[in-house]
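The structure file my_file28.txt is reproduced below (compact mmCIF, C-alpha atoms).
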```txt
# COMPACT_ATOMS: atom_id res chain seq x y z
CA MET A 1 34.71 7.99 8.59
CA ARG A 2 36.46 4.69 9.00
CA ASN A 3 33.28 3.17 10.31
CA LEU A 4 31.42 4.51 7.33
CA ILE A 5 33.84 2.86 4.95
CA LEU A 6 33.61 -0.40 6.88
CA LEU A 7 29.85 -0.19 6.75
CA PHE A 8 30.03 0.27 3.01
CA ILE A 9 32.37 -2.68 2.51
CA ARG A 10 30.15 -4.91 4.57
CA ASN A 11 26.79 -3.76 3.22
CA GLY A 12 27.81 -2.17 -0.06
CA GLY A 13 25.32 -4.22 -2.05
CA ALA A 14 22.37 -3.31 0.12
CA LEU A 15 23.37 0.36 0.14
CA VAL A 16 23.82 0.57 -3.62
CA PHE A 17 20.53 -1.26 -4.02
CA LEU A 18 18.71 1.12 -1.69
CA GLY A 19 20.27 4.14 -3.35
CA LEU A 20 19.27 3.00 -6.81
CA GLU A 21 15.76 2.10 -5.66
CA VAL A 22 15.31 5.57 -4.19
CA LEU A 23 16.47 7.02 -7.49
CA CYS A 24 14.04 4.77 -9.37
CA PHE A 25 11.26 5.77 -7.03
CA PHE A 26 11.72 9.42 -7.91
CA LEU A 27 11.96 8.62 -11.61
CA ILE A 28 8.78 6.57 -11.41
CA ILE A 29 6.63 9.08 -9.61
CA GLN A 30 8.05 11.91 -11.68
CA PHE A 31 7.63 10.48 -15.16
CA ASN A 32 5.03 7.71 -14.97
CA GLU A 33 1.50 8.88 -14.79
CA PRO A 34 -0.42 6.06 -13.08
CA GLN A 35 2.23 5.48 -10.45
CA GLY A 36 2.65 9.19 -9.89
CA THR A 37 -1.07 9.56 -9.31
CA ILE A 38 -1.08 6.76 -6.77
CA TYR A 39 1.89 8.25 -5.01
CA PHE A 40 0.54 11.75 -4.79
CA SER A 41 -2.90 10.67 -3.64
CA SER A 42 -1.33 8.47 -0.98
CA LEU A 43 0.66 11.44 0.12
CA ASN A 44 -2.62 13.24 0.63
CA ASN A 45 -3.62 10.62 3.11
CA ALA A 46 -0.61 11.25 5.31
CA ASN A 47 -1.26 12.97 8.58
CA GLY A 48 -2.47 16.52 9.04
CA TRP A 49 0.73 18.12 10.11
CA ILE A 50 2.72 17.05 7.10
CA ASP A 51 -0.13 17.92 4.80
CA GLU A 52 -0.40 21.37 6.16
CA LYS A 53 3.32 21.98 5.89
CA THR A 54 3.46 20.84 2.28
CA ALA A 55 0.38 22.88 1.49
CA ASP A 56 2.10 25.84 3.12
CA ALA A 57 5.13 25.32 0.94
CA GLN A 58 3.03 25.10 -2.17
CA ASP A 59 0.94 28.17 -1.62
CA PHE A 60 2.55 31.51 -1.98
CA LEU A 61 2.51 33.19 1.38
CA LYS A 62 0.69 36.20 0.03
CA LEU A 63 -2.01 34.21 -1.70
CA ARG A 64 -2.64 32.29 1.47
CA GLU A 65 -3.36 35.46 3.42
CA ILE A 66 -5.67 36.77 0.79
CA SER A 67 -7.64 33.59 0.47
CA ASP A 68 -7.89 33.21 4.23
CA SER A 69 -9.32 36.67 4.60
CA LEU A 70 -11.67 35.98 1.72
CA ALA A 71 -12.85 32.87 3.48
CA ALA A 72 -13.50 34.82 6.67
CA GLU A 73 -15.39 37.40 4.67
CA ASN A 74 -17.34 34.66 2.99
CA ALA A 75 -18.36 33.34 6.36
CA THR A 76 -19.78 36.65 7.49
CA LEU A 77 -21.54 37.20 4.17
CA TYR A 78 -22.95 33.74 4.43
CA GLU A 79 -24.35 34.49 7.85
CA GLN A 80 -25.94 37.67 6.57
CA LEU A 81 -27.38 35.91 3.55
CA ARG A 82 -28.95 33.20 5.62
CA SER A 83 -30.55 35.57 8.11
CA GLN A 84 -31.74 37.70 5.17
CA ARG A 85 -33.40 34.75 3.54
CA THR A 86 -35.36 33.77 6.60
CA GLU A 87 -36.60 37.35 7.00
CA ASP A 88 -37.63 37.56 3.37
CA THR A 89 -40.00 34.64 3.40
CA PRO A 90 -43.02 35.85 5.31
CA ASP A 91 -45.38 33.14 4.10
CA SER A 92 -43.32 30.30 5.44
CA ILE A 93 -44.43 29.22 8.88
CA PRO A 94 -41.93 30.59 11.32
CA ASP A 95 -40.54 27.78 13.38
CA PHE A 96 -38.12 28.26 16.18
CA SER A 97 -34.95 27.64 14.33
CA LEU A 98 -36.00 30.01 11.57
CA VAL A 99 -36.92 32.87 13.82
CA ASP A 100 -33.80 32.49 15.80
CA SER A 101 -31.29 32.30 12.98
CA GLY A 102 -28.24 33.32 14.90
CA TYR A 103 -26.06 30.75 13.20
CA THR A 104 -22.42 31.67 13.04
CA TYR A 105 -19.70 30.03 11.01
CA ILE A 106 -16.08 29.32 11.72
CA PRO A 107 -14.11 29.31 8.47
CA ALA A 108 -11.45 26.60 8.24
CA ARG A 109 -9.01 25.29 5.71
CA VAL A 110 -9.26 21.65 4.68
CA ILE A 111 -5.86 20.10 5.22
CA LYS A 112 -6.75 16.48 4.68
CA ASN A 113 -9.52 14.91 2.72
CA SER A 114 -10.37 11.57 1.25
CA ILE A 115 -13.32 10.44 -0.82
CA ASN A 116 -12.58 6.94 -2.03
CA ARG A 117 -12.75 4.89 1.13
CA ALA A 118 -15.70 3.29 2.85
CA ASN A 119 -15.35 5.74 5.72
CA ASN A 120 -13.86 9.09 4.90
CA TYR A 121 -12.53 11.74 7.23
CA ILE A 122 -11.58 15.36 6.77
CA ARG A 123 -9.16 17.36 8.86
CA LEU A 124 -9.58 21.08 9.40
CA ASN A 125 -7.02 23.56 10.65
CA LYS A 126 -9.31 24.95 13.34
CA GLY A 127 -9.74 23.36 16.74
CA ARG A 128 -10.87 23.89 20.30
CA ASN A 129 -9.01 27.19 20.50
CA ASP A 130 -11.15 28.52 17.68
CA GLY A 131 -14.40 27.38 19.23
CA VAL A 132 -14.86 24.10 17.38
CA GLU A 133 -16.44 21.32 19.42
CA PRO A 134 -17.36 17.73 18.69
CA ASN A 135 -20.79 17.19 17.12
CA MET A 136 -20.83 20.44 15.21
CA GLY A 137 -21.91 20.38 11.60
CA VAL A 138 -19.56 21.39 8.80
CA ILE A 139 -20.71 22.92 5.53
CA SER A 140 -19.18 24.50 2.46
CA GLN A 141 -20.57 26.76 -0.23
CA GLY A 142 -21.97 23.77 -2.05
CA GLY A 143 -23.73 22.07 0.85
CA ILE A 144 -23.04 19.77 3.75
CA VAL A 145 -19.56 18.42 4.41
CA GLY A 146 -19.77 16.38 7.60
CA ILE A 147 -19.79 16.35 11.38
CA VAL A 148 -16.94 17.13 13.76
CA VAL A 149 -16.04 14.01 15.71
CA ASP A 150 -12.86 15.01 17.48
CA VAL A 151 -11.01 18.21 18.24
CA SER A 152 -7.52 18.98 19.40
CA SER A 153 -6.42 22.47 20.30
CA ASN A 154 -5.64 23.50 16.73
CA TYR A 155 -7.14 20.83 14.50
CA SER A 156 -10.41 19.05 14.19
CA LEU A 157 -11.33 15.74 12.68
CA VAL A 158 -14.53 15.69 10.69
CA MET A 159 -16.49 12.59 9.81
CA SER A 160 -17.05 13.28 6.16
CA PHE A 161 -20.54 13.02 4.77
CA LEU A 162 -18.98 10.17 2.79
CA HIS A 163 -19.08 7.85 5.79
CA GLN A 164 -21.12 4.71 6.35
CA GLN A 165 -22.46 6.00 9.62
CA THR A 166 -23.71 9.31 8.31
CA ARG A 167 -27.35 9.98 9.16
CA ILE A 168 -28.44 13.51 8.37
CA SER A 169 -31.96 14.74 8.71
CA ALA A 170 -32.99 16.09 5.31
CA SER A 171 -36.29 17.18 3.88
CA ILE A 172 -37.80 17.64 0.44
CA ALA A 173 -37.98 21.32 -0.34
CA GLY A 174 -41.43 22.82 -0.15
CA THR A 175 -43.15 19.78 1.30
CA GLY A 176 -41.81 19.30 4.79
CA PHE A 177 -41.47 15.55 4.35
CA PHE A 178 -38.22 14.48 5.79
CA GLY A 179 -36.02 11.43 6.10
CA SER A 180 -32.48 10.54 6.89
CA LEU A 181 -29.75 11.00 4.34
CA THR A 182 -27.14 8.28 4.20
CA TRP A 183 -24.19 7.48 2.03
CA PRO A 184 -24.16 3.94 0.67
CA GLY A 185 -20.55 4.14 -0.48
CA GLY A 186 -19.31 4.37 -4.04
CA SER A 187 -19.73 7.64 -5.84
CA PRO A 188 -18.91 10.72 -3.77
CA ARG A 189 -21.70 12.60 -5.55
CA GLU A 190 -24.55 10.24 -4.69
CA ALA A 191 -26.50 9.67 -1.49
CA LEU A 192 -29.57 7.79 -0.37
CA LEU A 193 -32.51 9.45 1.39
CA LEU A 194 -34.47 6.93 3.44
CA ASP A 195 -37.64 6.92 5.54
CA VAL A 196 -39.62 9.43 3.48
CA PRO A 197 -43.23 8.14 3.76
CA LYS A 198 -44.60 6.78 0.51
CA HIS A 199 -47.63 9.08 0.44
CA ALA A 200 -45.33 12.01 -0.28
CA GLN A 201 -45.59 13.36 -3.85
CA LEU A 202 -42.17 13.32 -5.45
CA THR A 203 -40.81 14.30 -8.82
CA LYS A 204 -37.39 13.81 -10.28
CA GLY A 205 -35.28 16.90 -9.74
CA ASP A 206 -36.95 17.96 -6.47
CA LEU A 207 -34.55 19.78 -4.21
CA ILE A 208 -33.33 18.13 -1.03
CA GLU A 209 -32.42 20.42 1.81
CA THR A 210 -31.45 20.24 5.46
CA SER A 211 -34.41 19.98 7.79
CA GLY A 212 -32.94 21.94 10.67
CA TYR A 213 -34.24 19.36 13.13
CA THR A 214 -30.79 18.54 14.38
CA MET A 215 -28.32 20.79 16.06
CA LEU A 216 -25.90 20.35 13.21
CA PHE A 217 -26.91 22.35 10.18
CA PRO A 218 -28.94 25.46 9.50
CA PRO A 219 -32.35 24.70 7.98
CA GLU A 220 -33.24 25.06 4.29
CA MET A 221 -29.74 24.57 3.00
CA THR A 222 -29.79 22.87 -0.38
CA ILE A 223 -28.03 19.51 -0.40
CA GLY A 224 -28.89 18.09 -3.80
CA LYS A 225 -31.59 16.93 -6.19
CA ILE A 226 -33.65 13.77 -6.47
CA LYS A 227 -32.14 11.54 -9.11
CA SER A 228 -34.55 8.64 -8.85
CA PHE A 229 -36.89 7.10 -6.31
CA GLU A 230 -38.72 3.86 -5.66
CA VAL A 231 -40.70 2.15 -2.95
CA GLY A 232 -39.11 -1.07 -1.86
CA GLU A 233 -41.30 -4.16 -1.78
CA GLY A 234 -43.38 -4.28 1.40
CA SER A 235 -41.90 -0.99 2.53
CA SER A 236 -43.83 2.06 3.60
CA SER A 237 -41.20 4.54 2.63
CA TYR A 238 -39.27 5.66 -0.41
CA ASP A 239 -35.68 4.87 -1.24
CA ILE A 240 -34.57 8.09 -2.89
CA GLU A 241 -31.33 8.46 -4.77
CA VAL A 242 -29.95 11.94 -4.38
CA ARG A 243 -27.43 13.69 -6.58
CA LEU A 244 -25.36 15.88 -4.27
CA ASP A 245 -24.53 19.44 -5.23
CA ASN A 246 -21.42 19.44 -3.16
CA ASP A 247 -18.29 18.03 -4.73
CA LEU A 248 -16.24 16.92 -1.75
CA SER A 249 -13.37 15.89 -3.97
CA ASN A 250 -12.11 19.42 -4.45
CA LEU A 251 -12.95 20.86 -1.06
CA LYS A 252 -10.58 23.64 -0.02
CA TYR A 253 -12.48 25.60 2.61
CA ALA A 254 -15.25 24.62 4.96
CA TYR A 255 -17.30 26.32 7.63
CA VAL A 256 -18.05 24.87 11.01
CA VAL A 257 -21.63 25.66 11.98
CA VAL A 258 -22.16 27.08 15.44
CA VAL A 259 -25.79 26.59 16.30
CA PRO A 260 -27.25 29.40 18.45
CA ASP A 261 -27.91 28.52 22.06
CA ARG A 262 -26.15 25.27 21.51
CA GLU A 263 -25.49 24.73 25.20
CA GLU A 264 -29.07 25.39 26.10
CA GLN A 265 -30.43 23.00 23.49
CA LYS A 266 -27.97 20.38 24.50
CA GLN A 267 -28.95 20.72 28.13
CA LEU A 268 -32.60 20.38 27.25
CA GLU A 269 -31.90 17.20 25.33
CA GLU A 270 -29.87 15.84 28.21
CA GLU A 271 -32.70 16.49 30.63
CA LEU A 272 -35.11 14.74 28.32
CA ARG A 273 -32.84 11.77 28.09
CA ASN A 274 -32.41 11.59 31.85
CA GLU A 275 -36.10 11.50 32.56
CA MET B 1 38.66 -11.40 -18.66
CA ASN B 2 38.46 -8.95 -21.56
CA ASN B 3 36.64 -11.58 -23.46
CA LEU B 4 34.01 -11.78 -20.70
CA ILE B 5 33.50 -8.04 -20.72
CA PHE B 6 33.09 -8.17 -24.47
CA THR B 7 30.51 -10.97 -24.46
CA SER B 8 28.62 -9.35 -21.60
CA SER B 9 28.50 -6.03 -23.42
CA LEU B 10 27.35 -7.74 -26.58
CA ARG B 11 24.69 -9.62 -24.61
CA PHE B 12 23.63 -6.36 -22.98
CA ILE B 13 23.13 -4.63 -26.32
CA GLY B 14 21.54 -7.63 -27.96
CA LEU B 15 19.04 -8.20 -25.16
CA VAL B 16 18.14 -4.52 -24.91
CA LEU B 17 17.47 -4.35 -28.64
CA PHE B 18 15.53 -7.63 -28.67
CA GLN B 19 13.46 -6.68 -25.65
CA GLY B 20 13.09 -3.03 -26.56
CA LEU B 21 12.42 -3.29 -30.27
CA LEU B 22 10.65 -6.63 -30.65
CA LEU B 23 9.07 -7.76 -27.38
CA GLN B 24 8.05 -4.22 -26.54
CA ARG B 25 5.69 -4.30 -29.53
CA PHE B 26 4.27 -7.56 -28.31
CA GLN B 27 1.67 -5.97 -26.04
CA LEU B 28 -1.74 -7.41 -26.67
CA GLY B 29 -5.17 -6.25 -25.72
CA GLY B 30 -7.92 -8.45 -24.41
CA SER B 31 -8.80 -9.33 -20.87
CA ILE B 32 -6.31 -12.13 -20.33
CA LEU B 33 -3.63 -11.26 -22.86
CA SER B 34 -3.20 -7.78 -21.43
CA HIS B 35 -1.63 -9.52 -18.45
CA LEU B 36 1.09 -10.98 -20.65
CA TYR B 37 4.46 -9.29 -20.38
CA VAL B 38 7.23 -11.14 -22.15
CA ILE B 39 10.39 -10.18 -20.33
CA VAL B 40 13.67 -11.77 -21.20
CA PHE B 41 16.37 -9.21 -20.43
CA PRO B 42 17.04 -10.47 -16.85
CA VAL B 43 18.99 -13.24 -18.57
CA PHE B 44 21.78 -10.71 -18.75
CA ILE B 45 21.87 -10.43 -14.96
CA MET B 46 21.54 -14.20 -14.53
CA LEU B 47 24.53 -14.93 -16.76
CA LEU B 48 27.00 -12.39 -15.38
CA PRO B 49 30.15 -14.14 -14.12
CA LEU B 50 29.98 -15.52 -10.59
CA ARG B 51 32.83 -13.33 -9.40
CA THR B 52 31.10 -10.11 -10.43
CA PRO B 53 31.16 -7.81 -7.37
CA ARG B 54 27.72 -7.47 -5.88
CA THR B 55 27.61 -3.68 -6.19
CA LEU B 56 28.53 -3.92 -9.86
CA LEU B 57 25.89 -6.60 -10.35
CA ILE B 58 23.20 -4.37 -8.87
CA PHE B 59 24.39 -1.40 -10.86
CA LEU B 60 24.43 -3.35 -14.13
CA GLY B 61 20.92 -4.63 -13.38
CA PHE B 62 19.84 -1.07 -12.87
CA LEU B 63 21.57 0.01 -16.08
CA ILE B 64 20.00 -2.60 -18.33
CA GLY B 65 16.61 -1.87 -16.75
CA LEU B 66 17.08 1.80 -17.49
CA ALA B 67 18.01 1.01 -21.08
CA ILE B 68 14.82 -1.08 -21.38
CA ASP B 69 12.86 1.78 -19.85
CA LEU B 70 13.96 4.01 -22.71
CA PHE B 71 12.06 1.75 -25.08
CA TYR B 72 9.09 1.17 -22.80
CA ASP B 73 8.80 4.85 -21.93
CA SER B 74 8.59 4.01 -18.25
CA PRO B 75 11.59 5.66 -16.56
CA GLY B 76 12.56 3.80 -13.41
CA LEU B 77 10.17 0.85 -13.58
CA HIS B 78 12.38 -1.75 -15.24
CA ALA B 79 15.44 -0.13 -13.70
CA SER B 80 14.18 -0.74 -10.18
CA ALA B 81 13.32 -4.34 -11.03
CA GLY B 82 16.73 -4.86 -12.67
CA ALA B 83 18.54 -3.51 -9.61
CA PHE B 84 16.43 -5.78 -7.45
CA THR B 85 17.29 -8.84 -9.51
CA GLY B 86 21.00 -8.00 -9.23
CA PHE B 87 20.55 -7.56 -5.50
CA PHE B 88 18.66 -10.83 -5.23
CA ARG B 89 21.05 -13.04 -7.24
CA LYS B 90 23.14 -13.82 -4.17
CA TRP B 91 20.26 -15.72 -2.57
CA ALA B 92 19.19 -17.47 -5.72
CA LEU B 93 22.74 -18.78 -6.09
CA LYS B 94 22.85 -19.77 -2.45
CA TRP B 95 19.64 -21.80 -2.68
CA MET B 96 20.79 -23.51 -5.83
CA ALA B 97 24.37 -24.12 -4.67
CA PRO B 98 25.65 -27.42 -6.12
CA ARG B 99 27.18 -29.95 -3.76
CA GLY B 100 30.73 -29.00 -4.56
CA GLY B 101 30.05 -25.28 -4.43
CA TYR B 102 30.65 -22.85 -7.26
CA ASN B 103 33.79 -22.26 -9.20
CA VAL B 104 34.20 -18.48 -9.02
CA ASN B 105 35.79 -18.37 -12.45
CA TYR B 106 32.65 -19.70 -14.10
CA SER B 107 29.44 -18.05 -15.08
CA PRO B 108 26.14 -19.64 -14.07
CA THR B 109 25.31 -21.16 -17.46
CA VAL B 110 23.75 -24.33 -18.79
CA ARG B 111 27.07 -25.61 -20.09
CA ARG B 112 28.68 -25.20 -16.67
CA TYR B 113 25.94 -26.52 -14.41
CA GLY B 114 23.43 -28.32 -16.61
CA TRP B 115 19.85 -27.82 -17.69
CA ASN B 116 18.29 -29.02 -14.43
CA TRP B 117 20.28 -26.62 -12.36
CA PHE B 118 19.71 -23.74 -14.75
CA PHE B 119 15.99 -24.37 -14.76
CA GLY B 120 15.75 -23.90 -10.98
CA TYR B 121 18.11 -20.95 -10.93
CA SER B 122 16.45 -19.05 -13.77
CA ALA B 123 12.97 -19.79 -12.42
CA ILE B 124 13.85 -18.27 -9.05
CA MET B 125 15.49 -15.26 -10.68
CA MET B 126 12.70 -14.68 -13.16
CA GLY B 127 10.03 -15.17 -10.52
CA ALA B 128 11.69 -12.63 -8.24
CA HIS B 129 12.22 -10.21 -11.09
CA LEU B 130 8.67 -10.39 -12.37
CA PHE B 131 7.15 -10.21 -8.90
CA PHE B 132 9.15 -7.10 -8.09
CA TYR B 133 8.46 -5.53 -11.45
CA PHE B 134 4.70 -6.08 -11.28
CA SER B 135 4.56 -4.82 -7.71
CA VAL B 136 6.38 -1.65 -8.67
CA GLU B 137 4.24 -1.27 -11.76
CA ALA B 138 1.02 -1.55 -9.75
CA PHE B 139 2.67 0.68 -7.14
CA THR B 140 0.31 -0.49 -4.42
CA PHE B 141 -0.46 -3.93 -3.10
CA ALA B 142 -4.13 -3.08 -3.39
CA PHE B 143 -3.88 -4.56 -6.91
CA TYR B 144 -2.56 -7.89 -5.70
CA VAL B 145 -4.99 -9.80 -7.93
CA ASP B 146 -3.50 -8.11 -10.98
CA ILE B 147 0.00 -8.70 -9.71
CA ILE B 148 -0.64 -12.42 -9.27
CA LEU B 149 -2.44 -12.69 -12.59
CA ASN B 150 0.41 -10.91 -14.38
CA LEU B 151 2.86 -13.23 -12.73
CA LEU B 152 0.98 -16.41 -13.56
CA ILE B 153 0.57 -15.50 -17.21
CA SER B 154 3.89 -13.82 -17.91
CA PHE B 155 6.17 -16.20 -16.05
CA PRO B 156 5.87 -19.32 -18.27
CA ILE B 157 6.13 -17.38 -21.52
CA SER B 158 9.10 -15.37 -20.31
CA MET B 159 10.80 -18.57 -19.17
CA LEU B 160 10.19 -20.04 -22.60
CA PHE B 161 12.10 -17.15 -24.12
CA VAL B 162 14.91 -17.59 -21.60
CA PHE B 163 15.27 -21.23 -22.64
CA MET B 164 15.15 -20.30 -26.28
CA PHE B 165 17.95 -17.86 -25.62
CA MET B 166 20.03 -20.54 -23.90
CA ARG B 167 19.24 -23.06 -26.61
CA ILE B 168 20.33 -20.75 -29.39
CA PHE B 169 23.47 -19.21 -27.88
CA ASN B 170 24.33 -21.74 -25.19
CA PRO B 171 27.25 -19.71 -23.84
CA LEU B 172 30.04 -21.27 -21.82
CA ASP B 173 30.58 -18.17 -19.70
```

Structure translated into structure tokens:
Amino acid sequence: MRNLILLFIRNGGALVFLGLEVLCFFLIIQFNEPQGTIYFSSLNNANGWIDEKTADAQDFLKLREISDSLAAENATLYEQLRSQRTEDTPDSIPDFSLVDSGYTYIPARVIKNSINRANNYIRLNKGRNDGVEPNMGVISQGGIVGIVVDVSSNYSLVMSFLHQQTRISASIAGTGFFGSLTWPGGSPREALLLDVPKHAQLTKGDLIETSGYTMLFPPEMTIGKIKSFEVGEGSSSYDIEVRLDNDLSNLKYAYVVVVPDREEQKQLEEELRNE
Amino acid sequence: MNNLIFTSSLRFIGLVLFQGLLLQRFQLGGSILSHLYVIVFPVFIMLLPLRTPRTLLIFLGFLIGLAIDLFYDSPGLHASAGAFTGFFRKWALKWMAPRGGYNVNYSPTVRRYGWNWFFGYSAIMMGAHLFFYFSVEAFTFAFYVDIILNLLISFPISMLFVFMFMRIFNPLD
């Protein structure tokens, strides 16, 4: 106690200053809109553990359980729907990934998300213990979300689609022409589809979907629509602007895609690479 | 002593009303003029007697800031800057210490230490105040261009008002 008093006498000014600044800080974020927004969005960028705890505190326990079970149910329904769809389209040419549509989904809660940086990452509350591995695709109801880059036992870090290094194989629905989908930065709802050959017939509003050529996403999943397209000077392919269906800014739940026979496919690719 | 408390209180009220009722309306649009914030109330903190205890100084800075915030509808913004200016005064005085040191019974005014001295002292105080205020207002250093622009434009005009204040009232203590 005596030490405390001594401390106060010696550093009273600094302590009073700090105390008042803390008080001001709360006043500012509580009652000033722009500053409050900055504060709360910065808070969102804090690490996964804290985020999950605060999210836990905010949700009512009961509601959490219900929504978690709904998400799990969603995942199974989603699987059924996708296998249904491939069975129902007899006139499409059955390729391997379509015939073998044993995709399964691991539902996960998004505990960290950002959309306004050059390279965005998402954290999910499922990890190695739940079967998540690096290089798995992540989707949500609206479309693609990203690719798992790192897993710990209970969490996984996802490279958001909104990342400069994103290259996702996507095709134009109904034509089979495909290219790689990239994100040029800026708006979280816009992407750029490159390398589609210029002899392809395009119209504004054409659907863009996953091609299924990678081991990341199930095929024929709608990603977005063509917003505009042009052929660059001296180029042999289109630059296509795509309006994404998925709004990553309010992502709550996501599903990690488990590609069937993943190990086998991976092994095959390894062998090919080694030759 | 009582006299000092009286003048300080009067100054407090006068500056709050001047800043809050008049200068607060003086917010202009336009690309450059929107960076102009005329802020004169830190004069109150500058002129408090030299023997004011540091904790009281900080608290009074906070208080006048809070009073200003009532008019600006920005709870905490001016208060945090006011507290900072009170906190900072020690160093401003140290840097500007005259050769013979300060007389603790004086207040740091023009009549006590002269225009030259007061210019340096008030410039340091106002610069620190405005820099802190604009940083808190932006709330992130990502807007450093705005912070610097605000500072460059608001500082000279605010200083002008400080000098006008000293010219008109020219208090001894």

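One finds atom CA of B:Val104 at 9.0 Å from atom CA of B:Thr52.
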
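Taking all atoms listed in the file into account, the protein, DNA and RNA residues within 10 Å of (-26.1, 28.0, 19.3) read Asp100, Ser101, Gly102, Tyr103, Thr104, Met215, Leu216, Val257, Val258, Val259, Pro260, Asp261, Arg262, Glu263, Glu264, Gln265 and Lys266 of chain A.
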
Exercise. Might you pull out every residue within 10 Å of stretch 82-99 of chain B, with all atoms listed in the file counted and same-chain residues fewer than 2 positions away left off, and present them as a PyMOL selection string?
Key: (chain A and resi 13-14+16-18+20-21+24) or (chain B and resi 41-42+44-46+48+50+54-66+68+76-80+101-102+108+113+117-118+120-130+132-133)

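Atom pair atom CA of A:Tyr39 / atom CA of A:Arg117 has a distance of 16.2 Å (rounded to one decimal).
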
Quiz prompt | Residues within 12 Å of A:Leu70, all atoms listed in the file, excluding chain neighbours under 6 positions, as a PyMOL selection string | solution = chain A and resi 63-64+76-78+107-109+253

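Atom CA of A:Asn125 is positioned 27.5 Å from atom CA of A:Ala170.
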
Using 12 Å as the limit and counting all atoms listed in the file, can you tabulate each residue of chain A that touches chain B, with its shortest atom-to-atom distance in Å and the two atoms involved, as JSON lines?
```
{"residue": "A:Phe8", "atom": "CA", "partner": "B:Thr55", "partner_atom": "CA", "distance": 10.3}
{"residue": "A:Ile9", "atom": "CA", "partner": "B:Thr55", "partner_atom": "CA", "distance": 10.0}
{"residue": "A:Arg10", "atom": "CA", "partner": "B:Arg54", "partner_atom": "CA", "distance": 11.0}
{"residue": "A:Asn11", "atom": "CA", "partner": "B:Thr55", "partner_atom": "CA", "distance": 9.4}
{"residue": "A:Gly12", "atom": "CA", "partner": "B:Thr55", "partner_atom": "CA", "distance": 6.3}
{"residue": "A:Gly13", "atom": "CA", "partner": "B:Thr55", "partner_atom": "CA", "distance": 4.8}
{"residue": "A:Ala14", "atom": "CA", "partner": "B:Phe87", "partner_atom": "CA", "distance": 7.3}
{"residue": "A:Leu15", "atom": "CA", "partner": "B:Thr55", "partner_atom": "CA", "distance": 8.6}
{"residue": "A:Val16", "atom": "CA", "partner": "B:Thr55", "partner_atom": "CA", "distance": 6.2}
{"residue": "A:Phe17", "atom": "CA", "partner": "B:Ala83", "partner_atom": "CA", "distance": 6.3}
{"residue": "A:Leu18", "atom": "CA", "partner": "B:Ala83", "partner_atom": "CA", "distance": 9.2}
{"residue": "A:Gly19", "atom": "CA", "partner": "B:Ala83", "partner_atom": "CA", "distance": 10.0}
{"residue": "A:Leu20", "atom": "CA", "partner": "B:Ala83", "partner_atom": "CA", "distance": 7.1}
{"residue": "A:Glu21", "atom": "CA", "partner": "B:Ser80", "partner_atom": "CA", "distance": 5.6}
{"residue": "A:Val22", "atom": "CA", "partner": "B:Ser80", "partner_atom": "CA", "distance": 8.8}
{"residue": "A:Leu23", "atom": "CA", "partner": "B:Gly76", "partner_atom": "CA", "distance": 7.8}
{"residue": "A:Cys24", "atom": "CA", "partner": "B:Gly76", "partner_atom": "CA", "distance": 4.4}
{"residue": "A:Phe25", "atom": "CA", "partner": "B:Gly76", "partner_atom": "CA", "distance": 6.8}
{"residue": "A:Phe26", "atom": "CA", "partner": "B:Gly76", "partner_atom": "CA", "distance": 7.9}
{"residue": "A:Leu27", "atom": "CA", "partner": "B:Gly76", "partner_atom": "CA", "distance": 5.2}
{"residue": "A:Ile28", "atom": "CA", "partner": "B:Gly76", "partner_atom": "CA", "distance": 5.1}
{"residue": "A:Ile29", "atom": "CA", "partner": "B:Gly76", "partner_atom": "CA", "distance": 8.8}
{"residue": "A:Gln30", "atom": "CA", "partner": "B:Pro75", "partner_atom": "CA", "distance": 8.7}
{"residue": "A:Phe31", "atom": "CA", "partner": "B:Pro75", "partner_atom": "CA", "distance": 6.4}
{"residue": "A:Asn32", "atom": "CA", "partner": "B:Ser74", "partner_atom": "CA", "distance": 6.1}
{"residue": "A:Glu33", "atom": "CA", "partner": "B:Ser74", "partner_atom": "CA", "distance": 9.3}
{"residue": "A:Pro34", "atom": "CA", "partner": "B:Ala138", "partner_atom": "CA", "distance": 8.4}
{"residue": "A:Gln35", "atom": "CA", "partner": "B:Phe139", "partner_atom": "CA", "distance": 5.8}
{"residue": "A:Gly36", "atom": "CA", "partner": "B:Phe139", "partner_atom": "CA", "distance": 8.9}
{"residue": "A:Thr37", "atom": "CA", "partner": "B:Phe139", "partner_atom": "CA", "distance": 9.9}
{"residue": "A:Ile38", "atom": "CA", "partner": "B:Phe139", "partner_atom": "CA", "distance": 7.2}
{"residue": "A:Tyr39", "atom": "CA", "partner": "B:Phe139", "partner_atom": "CA", "distance": 7.9}
{"residue": "A:Phe40", "atom": "CA", "partner": "B:Phe139", "partner_atom": "CA", "distance": 11.5}
{"residue": "A:Ser41", "atom": "CA", "partner": "B:Thr140", "partner_atom": "CA", "distance": 11.6}
{"residue": "A:Ser42", "atom": "CA", "partner": "B:Thr140", "partner_atom": "CA", "distance": 9.7}
```

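If all atoms listed in the file are the atoms counted, then among B:Phe6, B:Asp69, B:Ile153, B:Met166 the closest residue to B:Gly20 is B:Asp69.
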
Quiz item: Using only C-alpha atoms, which residue out of A:Tyr105, A:Phe161, A:Phe177, A:Tyr255 lies closest to A:Arg189?
Solution: A:Phe161

Quiz item: With distances taken over all atoms listed in the file, which of B:Thr109, B:Asn116, B:Asn3, B:Gln24 is nearest to B:Val43?
Solution: B:Thr109

Quiz item: Which residue gives the smallest distance to A:Leu244 among A:Val196, A:Val149, A:Ile144, A:Val256, with all atoms listed in the file counted?
Solution: A:Ile144
